[in-house]
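Asker: Pasting run_36.cif below, which is mmCIF, C-alpha atoms.
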```cif
data_protein
loop_
_atom_site.label_atom_id
_atom_site.label_comp_id
_atom_site.auth_asym_id
_atom_site.auth_seq_id
_atom_site.Cartn_x
_atom_site.Cartn_y
_atom_site.Cartn_z
CA MET A 1 14.29 133.47 74.52
CA ASP A 2 15.41 130.23 72.91
CA THR A 3 17.72 132.09 70.56
CA PHE A 4 19.39 133.91 73.45
CA TRP A 5 20.70 130.68 75.03
CA LEU A 6 21.64 129.37 71.62
CA LYS A 7 23.72 132.50 70.99
CA ILE A 8 25.49 132.14 74.36
CA ALA A 9 26.25 128.45 73.73
CA GLY A 10 27.60 129.29 70.25
CA PHE A 11 29.73 132.08 71.71
CA VAL A 12 31.18 129.72 74.36
CA VAL A 13 31.96 127.11 71.67
CA VAL A 14 33.70 129.77 69.55
CA ILE A 15 35.80 130.90 72.54
CA ILE A 16 36.81 127.29 73.32
CA VAL A 17 37.74 126.69 69.66
CA VAL A 18 39.82 129.90 69.60
CA ILE A 19 41.64 128.95 72.82
CA ILE A 20 42.39 125.45 71.55
CA GLY A 21 43.54 126.86 68.19
CA VAL A 22 45.85 129.38 69.83
CA MET A 23 47.37 126.69 72.03
CA MET A 24 47.96 124.45 69.01
CA VAL A 25 49.55 127.21 66.94
CA MET A 26 51.79 128.64 69.67
CA PRO A 27 54.96 126.61 70.22
CA ALA A 28 55.15 124.74 73.45
CA LYS A 29 57.58 126.00 76.00
CA GLU A 30 60.81 124.26 75.05
CA GLU A 31 62.42 122.84 78.10
CA LYS A 32 66.02 121.76 78.00
CA PRO A 33 66.35 118.07 78.61
CA PRO A 34 67.96 117.42 81.97
CA GLU A 35 71.68 116.85 81.72
CA PRO A 36 72.56 113.25 82.39
CA GLN A 37 74.20 112.65 85.73
CA LYS A 38 77.91 111.98 85.73
CA THR A 39 78.61 108.35 86.26
CA PHE A 40 81.65 106.75 87.83
CA GLY A 41 82.78 105.71 84.34
CA ASP A 42 82.71 109.35 83.22
CA MET A 43 84.87 110.33 86.18
CA VAL A 44 87.32 107.50 85.43
CA GLN A 45 87.75 108.75 81.86
CA LYS A 46 88.18 112.33 83.05
CA ASP A 47 90.78 111.29 85.66
CA LYS A 48 92.72 109.26 83.11
CA LYS A 49 92.71 112.15 80.63
CA ILE A 50 93.90 114.67 83.23
CA ILE A 51 96.58 112.50 84.84
CA THR A 52 98.08 111.16 81.60
CA ALA A 53 98.10 114.56 79.89
CA GLU A 54 101.39 115.94 78.61
CA PRO A 55 103.11 118.66 80.68
CA ASN A 56 101.81 122.11 79.89
CA ALA A 57 101.94 125.65 81.23
CA GLY A 58 98.38 125.27 82.51
CA ASP A 59 99.65 123.06 85.32
CA LEU A 60 101.86 125.87 86.59
CA THR A 61 99.24 128.58 86.17
CA GLN A 62 96.71 126.45 88.05
CA GLN A 63 99.10 126.23 91.01
CA ALA A 64 99.86 129.95 90.75
CA ALA A 65 96.15 130.80 90.65
CA GLU A 66 95.57 128.84 93.86
CA GLU A 67 98.43 130.69 95.57
CA GLN A 68 97.49 134.11 94.16
CA THR A 69 95.50 136.47 96.34
CA PRO A 70 92.37 138.04 94.82
CA ALA A 71 93.98 141.52 94.86
CA GLU A 72 96.84 140.43 92.57
CA PRO A 73 96.34 140.88 88.83
CA GLU A 74 96.59 137.76 86.72
CA LYS A 75 99.81 137.24 84.82
CA ALA A 76 99.81 136.80 81.07
CA ALA A 77 100.46 133.25 79.91
CA GLU A 78 103.98 132.78 78.63
CA PRO A 79 105.47 129.79 76.85
CA VAL A 80 107.13 127.46 79.32
CA THR A 81 109.95 125.01 78.68
CA PHE A 82 110.12 121.95 80.89
CA TYR A 83 113.36 120.11 81.65
CA PHE A 84 113.39 116.40 82.47
CA THR A 85 116.04 113.76 82.95
CA GLU A 86 116.08 111.15 80.23
CA LEU A 87 115.38 107.53 81.08
CA THR A 88 116.60 104.37 79.44
CA GLU A 89 114.06 102.11 77.74
CA ALA A 90 114.08 99.71 80.69
CA GLU A 91 113.48 102.58 83.11
CA LYS A 92 110.64 103.92 80.93
CA ILE A 93 108.94 100.53 80.94
CA GLY A 94 109.28 100.26 84.71
CA ALA A 95 107.97 103.78 85.21
CA GLU A 96 105.04 103.14 82.85
CA ASN A 97 104.11 100.01 84.79
CA ILE A 98 104.04 101.93 88.07
CA PHE A 99 102.33 104.96 86.53
CA ALA A 100 99.57 102.79 85.03
CA THR A 101 98.05 102.34 88.50
CA VAL A 102 97.78 106.04 89.26
CA PRO A 103 94.71 107.04 87.16
CA SER A 104 92.61 104.05 88.18
CA PHE A 105 93.41 104.36 91.88
CA LYS A 106 92.67 108.08 91.80
CA SER A 107 89.18 107.20 90.60
CA ILE A 108 88.88 104.42 93.16
CA GLY A 109 89.92 106.89 95.85
CA ARG A 110 86.71 108.83 95.20
CA LEU A 111 84.62 105.88 96.32
CA PRO A 112 83.46 105.68 99.93
CA TYR A 113 85.80 103.84 102.31
CA MET A 114 88.52 103.38 99.69
CA GLY A 115 91.04 106.21 99.95
CA TYR A 116 94.01 107.29 97.85
CA ASN A 117 96.68 105.18 99.57
CA THR A 118 97.68 103.04 96.56
CA MET A 119 97.84 106.08 94.28
CA VAL A 120 99.96 108.05 96.75
CA GLN A 121 102.34 105.10 97.21
CA ALA A 122 102.74 104.73 93.43
CA CYS A 123 103.43 108.46 93.08
CA ARG A 124 106.02 108.41 95.86
CA GLN A 125 107.67 105.38 94.25
CA LEU A 126 107.87 107.22 90.90
CA MET A 127 109.30 110.30 92.58
CA SER A 128 111.99 108.36 94.43
CA ARG A 129 113.01 105.94 91.64
CA PHE A 130 112.90 108.41 88.72
CA PRO A 131 113.67 111.88 90.16
CA GLY A 132 113.53 114.74 87.70
CA SER A 133 111.87 112.63 85.00
CA ILE A 134 108.55 113.24 83.30
CA TYR A 135 107.10 110.51 85.53
CA ASP A 136 108.22 112.44 88.61
CA TYR A 137 106.40 115.47 87.16
CA LYS A 138 103.21 113.50 86.44
CA ALA A 139 103.31 111.92 89.91
CA ARG A 140 103.56 115.33 91.58
CA ARG A 141 100.73 116.65 89.41
CA ALA A 142 98.60 113.63 90.39
CA LEU A 143 99.34 114.18 94.09
CA ALA A 144 98.19 117.77 93.72
CA GLN A 145 94.79 116.46 92.60
CA VAL A 146 94.18 114.61 95.85
CA PRO A 147 91.59 116.66 97.79
CA GLU A 148 93.26 118.87 100.38
CA GLN A 149 91.28 117.32 103.22
CA TYR A 150 93.38 114.15 102.79
CA TRP A 151 96.78 115.88 102.61
CA THR A 152 97.55 115.42 106.30
CA ARG A 153 96.62 111.72 106.16
CA TYR A 154 98.99 111.06 103.25
CA LYS A 155 101.62 113.65 104.31
CA ILE A 156 101.29 115.70 101.11
CA THR A 157 102.91 119.13 101.36
CA GLU A 158 103.15 122.14 99.06
CA GLU A 159 106.85 121.38 98.47
CA LEU A 160 105.99 117.83 97.43
CA ILE A 161 103.59 118.98 94.69
CA ASP A 162 105.61 121.97 93.51
CA LEU A 163 106.14 121.76 89.72
CA THR A 164 108.29 124.88 89.28
CA PRO A 165 111.67 123.06 89.55
CA PHE A 166 110.84 121.36 86.25
CA THR A 167 110.89 124.74 84.50
CA GLN A 168 114.56 125.34 85.36
CA GLN A 169 117.58 123.75 83.73
CA ARG A 170 119.29 121.38 86.17
CA PRO A 171 122.27 119.06 85.72
CA ASN A 172 121.51 116.07 83.46
CA THR A 173 118.20 117.51 82.26
CA HIS A 174 117.08 118.20 78.72
CA PRO A 175 114.33 120.43 77.32
CA TYR A 176 111.06 118.56 76.89
CA LYS A 177 109.79 118.06 73.38
CA ILE A 178 106.35 116.66 72.75
CA GLN A 179 106.84 113.42 70.85
CA GLU A 180 104.18 112.63 68.28
CA ASP A 181 103.48 109.05 67.32
CA ASN A 182 103.68 108.45 63.57
#
```
Using structure tokens, write down the structure from this file.

Answerer:
Amino acid sequence: MDTFWLKIAGFVVVIIVVIIGVMMVMPAKEEKPPEPQKTFGDMVQKDKKIITAEPNAGDLTQQAAEEQTPAEPEKAAEPVTFYFTELTEAEKIGAENIFATVPSFKSIGRLPYMGYNTMVQACRQLMSRFPGSIYDYKARRALAQVPEQYWTRYKITEELIDLTPFTQQRPNTHPYKIQEDN
């Protein structure tokens, strides 16, 4: 009878050793580390990158996609030429000074109780002082990024953010060429 209990205890020990061995050999379930939360600094960098980006056809297709009904087929992307009025060096410096406030105040507008008022005022100033220029284009594109729930407060309309006129040759405009810094 003593050997019977000894056999059972040995069997239980063997089972425990096998279970522990299997758990050690099998890889642990690999969990993906949680993605870090986006911080305000991340959003500031993203806003600056989007607002200061060069004109591209994606801006027009984004507007067209918002206006397109789900039943319409998507159009193939075509190369787009933009036409802007040229500014003097003094005008460029003035426009750059005004435009420099737009990315930061877009980010500040996301904060509670702040609003987009300063950004909208800077955009309207760019649009009135430098009509048809690349700064007018960038200001309209920035206004389009204000959430639609605030459009009535800041009197933003579809006509105000329309970028299609920049794709047509107008008097005193020249085709846009991306300028690379050497």

Asker: Residues within 12 Å of A:Pro147, please, as a JSON list (two decimals) with C-alpha atoms, keeping the file's coordinate frame. Count only C-alpha atoms; anything in the same chain fewer than 6 positions from it doesn't count.

Answerer:
```json
[["chain", "number", "residue", "atom", "x", "y", "z"],
["A", 106, "LYS", "CA", 92.67, 108.08, 91.80],
["A", 109, "GLY", "CA", 89.92, 106.89, 95.85],
["A", 110, "ARG", "CA", 86.71, 108.83, 95.20],
["A", 115, "GLY", "CA", 91.04, 106.21, 99.95],
["A", 116, "TYR", "CA", 94.01, 107.29, 97.85],
["A", 153, "ARG", "CA", 96.62, 111.72, 106.16],
["A", 154, "TYR", "CA", 98.99, 111.06, 103.25],
["A", 156, "ILE", "CA", 101.29, 115.70, 101.11]]
```

Asker: Evaluating the PyMOL selection byres ((chain A and resi 173) around 8) on the displayed file yields which residues, as a PyMOL selection string?

Answerer: chain A and resi 83-86+132+169-172+174-175

Asker: Please list as a list in words every residue within 9 Å of A:Thr101, counting all atoms listed in the file and excluding residues in the same chain fewer than 6 positions away.

Answerer: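 Once the nearby chain positions are removed, what remains is Thr118, Met119 and Ala122 of chain A.
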
Asker: Please measure the separation of atom CA of A:Asp59 and atom CA of A:Tyr176, giving the value in Å to one decimal.

Answerer: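 Interatomic distance, atom CA of A:Asp59 to atom CA of A:Tyr176: 14.9 Å.
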
Asker: For A:Gln145, which residue out of A:Ile19, A:Val25, A:Leu111, A:Ile161 is the nearest one, using all atoms listed in the file?

Answerer: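 Looking at the shortest contact to A:Gln145, the residue is A:Ile161.
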
Asker: Given the PyMOL selection byres ((chain A and resi 54) around 9) and the file above, list the residues it selects as an NGL selection string.

Answerer: :A and (50-53 or 55-56 or 134 or 138 or 178)

Asker: Produce a file of the selected residues containing C-alpha atoms, as a tab-separated table (two decimals), in the frame of the given file.

Answerer:
```tsv
chain	number	residue	atom	x	y	z
A	50	ILE	CA	93.90	114.67	83.23
A	51	ILE	CA	96.58	112.50	84.84
A	52	THR	CA	98.08	111.16	81.60
A	53	ALA	CA	98.10	114.56	79.89
A	55	PRO	CA	103.11	118.66	80.68
A	56	ASN	CA	101.81	122.11	79.89
A	134	ILE	CA	108.55	113.24	83.30
A	138	LYS	CA	103.21	113.50	86.44
A	178	ILE	CA	106.35	116.66	72.75
```

Asker: Please provide the set of residues having any atom within 10 Å of A:Ala144, restricted to all atoms listed in the file, with same-chain residues fewer than 6 positions apart removed, written as a list of chain:residue names.

Answerer: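 The filter keeps A:Gln63, A:Lys138, A:Trp151, A:Ile156, A:Thr157, A:Glu158, A:Leu160, A:Ile161, A:Asp162, A:Leu163.
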
Asker: Show which residues sit within 12 Å of A:Ala90, as number ranges by chain. Count only C-alpha atoms, and ignore same-chain residues fewer than 6 positions away.

Answerer: A: 96-97, 130
